[in-house]
Amino acid sequence: MENLVNLIDLTTEELTEYVVSLGFKQFRAAQIRRWLLRGTVDFADMTDIGIADRGLLNANCRTGLPRIAEKHISALDGTVKYLFELWDGNVIESVVMRYRHGISICISRQVGCRMGCVFCASTIGGLTRNLSSGEMLGQIICAQADIGERISSVVLMGIGEPLDNYDNVVRFLHEVTSPDSLDIGSRHISLSTSGLADRIIRLSQEDLQITLSISLHCADDAGRSELMPVNRRWNIEELLTSCRKYFEITGRRISFEYTLISGKNDSMDDAGKLADCLMRYLRGIPFHVNLIPVNPVEGKAFAAGERDSIERFRDALEKRRINATIRRRLGSDINASCGQLRKKHIESVIPPDIRQELSEN
C-alpha cells in the first residue's frame, strides 16, 4: 500500500512520464488529470478509461485524493468544515468560507503540529507527519467538487506549520497557481507561520506573490515564549527583522495575527507594547494587524474578552496609526477553528492509553 504512487502529487509532465512508463499512450495522462481535478477518488469512476487499464492503475498507484470522513455545515453563515481521511487513515481538517468577494478555503499542511502553541487544538498530540503537495491540493479539489462551486482563494492557516514542511508547501504553491492545475492567483493565497525566521527569508527568494501572515500573539519575548515555544528559537527581534527583509525583497505587505486571550495579552498596556514593538521594527513599511478573539478549546482555560474590550484594543492600535481589524468568527456553531474536529475524531477512535503514549513520543 505504501509503495503505490499518489498521482495527485505529480505535475502534468511527471504524470505523463509516469503513465507512459506503465505502458499507456501519452493522451491517457490528460484524461487522468481531468478526473483528478474533478475530485475523482476511485479509478473505477474514470469511465473513459478501459477496465483493464483502470486495473493496471489500481495495482500501481492511487489517486491520492482524500475522502470526506465528516462534513459539518454552519446554520449561521454557511461555513463548511471537512474532516478528510487520507490514504493512510490519518485525518486532517479544511474549512470552506463564503465571503462577498468569493469562496475561500483554509487547508491543513501537516497531520498534527509540533509547534506547541498553548492555545491551539492543532498541536495536541504533536506532529504525525507532513502532507505532500498533492495532499494539500487534494483538500481544495475535493471541497470544490463537493460544493459544486469554484474556490477562488486559499488560506494556509489550518493544521500544521507550513514552513516546517517547507519543500512540500512551496511545491504546492507553484502547483495550485499553475494554469494546468487549479489556476488560483498567488495574490489570493495567504500563508500563516508561527515565525520560523530563517525560512521566512528563504521564502522571500521563491518569487511568490502570496500574502505572508505572522502569528505574533504577544509583544514581549517572555510572554510570547510562554504562548509559543517557537519564540525560544527565533525571538521577536529575529522574527520582525526577517519580516522587514521579506518586505524589502518581495514588496508584499505582511499581516500579523494577534489572538486576544482574556487576562493574558489583551490589556491596554499590551496594546501599547504591541504598537511599540511593531513600529520599532517595521516603521515605514505597510503591515496589518488581524485581531482574533481566542477560540475555546476543550481542556484549555483560555477565553476571549468582551466585545467592547476587544474593540478598545483595536482602537488603541489605530490611534497609533496601525491598521487593525477584528476577525469575524465564522462557523461558530460547528467549531470551525482548526484542530478541534480532528481532536474529537482521534479521541473517539484511539484508546486513552494509546493517545497518552503517542503524545509522549
# chains A, B, ... in the order shown; residues from 1 in each chain; ligands from 1
>>> residues_around(residues="A:Arg320", least_positions_apart="3", cutoff="12 Å", atoms="only C-alpha atoms", output="ChimeraX atom specification")
/A:271-279,283,313-317,323-324
>>> write_last_selection(atoms="C-alpha atoms", output="PDB file, in the first residue's frame")
ATOM      1  CA  ALA A 271      -1.871  47.125  23.042  1.00  0.00           C
ATOM      2  CA  GLY A 272       0.756  49.783  23.711  1.00  0.00           C
ATOM      3  CA  LYS A 273       3.540  47.196  23.802  1.00  0.00           C
ATOM      4  CA  LEU A 274       2.318  45.724  20.522  1.00  0.00           C
ATOM      5  CA  ALA A 275       2.262  49.122  18.831  1.00  0.00           C
ATOM      6  CA  ASP A 276       5.728  49.998  20.157  1.00  0.00           C
ATOM      7  CA  CYS A 277       7.134  46.640  19.043  1.00  0.00           C
ATOM      8  CA  LEU A 278       5.768  46.773  15.506  1.00  0.00           C
ATOM      9  CA  MET A 279       6.762  50.398  14.961  1.00  0.00           C
ATOM     10  CA  ARG A 283       8.196  51.694  10.738  1.00  0.00           C
ATOM     11  CA  PHE A 313      -7.673  47.142  21.895  1.00  0.00           C
ATOM     12  CA  ARG A 314      -8.230  47.759  18.175  1.00  0.00           C
ATOM     13  CA  ASP A 315      -8.894  51.448  18.734  1.00  0.00           C
ATOM     14  CA  ALA A 316      -5.661  51.789  20.722  1.00  0.00           C
ATOM     15  CA  LEU A 317      -3.700  50.426  17.761  1.00  0.00           C
ATOM     16  CA  ASN A 323      -4.164  49.320  10.539  1.00  0.00           C
ATOM     17  CA  ALA A 324      -6.080  46.777  12.630  1.00  0.00           C
TER      18      ALA A 324
END
>>> residues_around(residues="A:His101", least_positions_apart="4", cutoff="12 Å", atoms="only C-alpha atoms", output="PyMOL selection string")
chain A and resi 97+151-153+188
>>> residues_around(residues="A:Ala30", least_positions_apart="3", cutoff="12 Å", atoms="only C-alpha atoms", output="ChimeraX atom specification")
/A:11-17,19-20,24-27,33-37,48-49,180-181
>>> write_last_selection(atoms="C-alpha atoms", output="mmCIF file, in the first residue's frame")
data_model
loop_
_atom_site.group_PDB
_atom_site.id
_atom_site.type_symbol
_atom_site.label_atom_id
_atom_site.label_comp_id
_atom_site.auth_asym_id
_atom_site.auth_seq_id
_atom_site.Cartn_x
_atom_site.Cartn_y
_atom_site.Cartn_z
ATOM 1 C CA THR A 11 2.700 17.653 -12.166
ATOM 2 C CA THR A 12 1.297 17.313 -15.675
ATOM 3 C CA GLU A 13 4.753 16.494 -17.043
ATOM 4 C CA GLU A 14 5.500 13.984 -14.288
ATOM 5 C CA LEU A 15 2.121 12.313 -14.732
ATOM 6 C CA THR A 16 2.689 11.954 -18.475
ATOM 7 C CA GLU A 17 6.099 10.395 -17.895
ATOM 8 C CA VAL A 19 1.723 6.715 -17.309
ATOM 9 C CA VAL A 20 3.995 6.159 -20.301
ATOM 10 C CA PHE A 24 -0.075 3.821 -21.608
ATOM 11 C CA LYS A 25 -0.267 6.241 -24.516
ATOM 12 C CA GLN A 26 0.534 9.855 -23.613
ATOM 13 C CA PHE A 27 -3.076 11.045 -24.025
ATOM 14 C CA ARG A 33 -5.506 14.611 -14.901
ATOM 15 C CA ARG A 34 -9.014 15.808 -15.731
ATOM 16 C CA TRP A 35 -10.542 13.174 -13.470
ATOM 17 C CA LEU A 36 -8.197 14.090 -10.624
ATOM 18 C CA LEU A 37 -9.003 17.797 -10.869
ATOM 19 C CA ASP A 48 -13.429 6.836 -20.361
ATOM 20 C CA ILE A 49 -10.506 4.588 -19.414
ATOM 21 C CA ASP A 180 -2.533 23.211 -15.716
ATOM 22 C CA SER A 181 -3.891 22.807 -12.199
#
>>> closest_residue(among="A:Val5, A:Leu163, A:Cys106, A:Ile326", to="A:Asn58", atoms="only C-alpha atoms")
A:Val5
>>> closest_residue(among="A:Asn231, A:Ser215, A:Ser192, A:Asn90", to="A:Leu291", atoms="only C-alpha atoms")
A:Ser215
>>> closest_residue(among="A:Val230, A:Leu56, A:Leu127, A:Val95", to="A:Ile73", atoms="only C-alpha atoms")
A:Val95
>>> select_by_dssp(residues="stretch 260-315 of chain A", states="helix (DSSP H, G or I)", output="VMD selection string")
chain A and resid 268 to 282 307 to 315
>>> closest_residue(among="A:Leu156, A:Leu10, A:Cys243, A:Ala303", to="A:Ile261", atoms="only C-alpha atoms")
A:Ala303
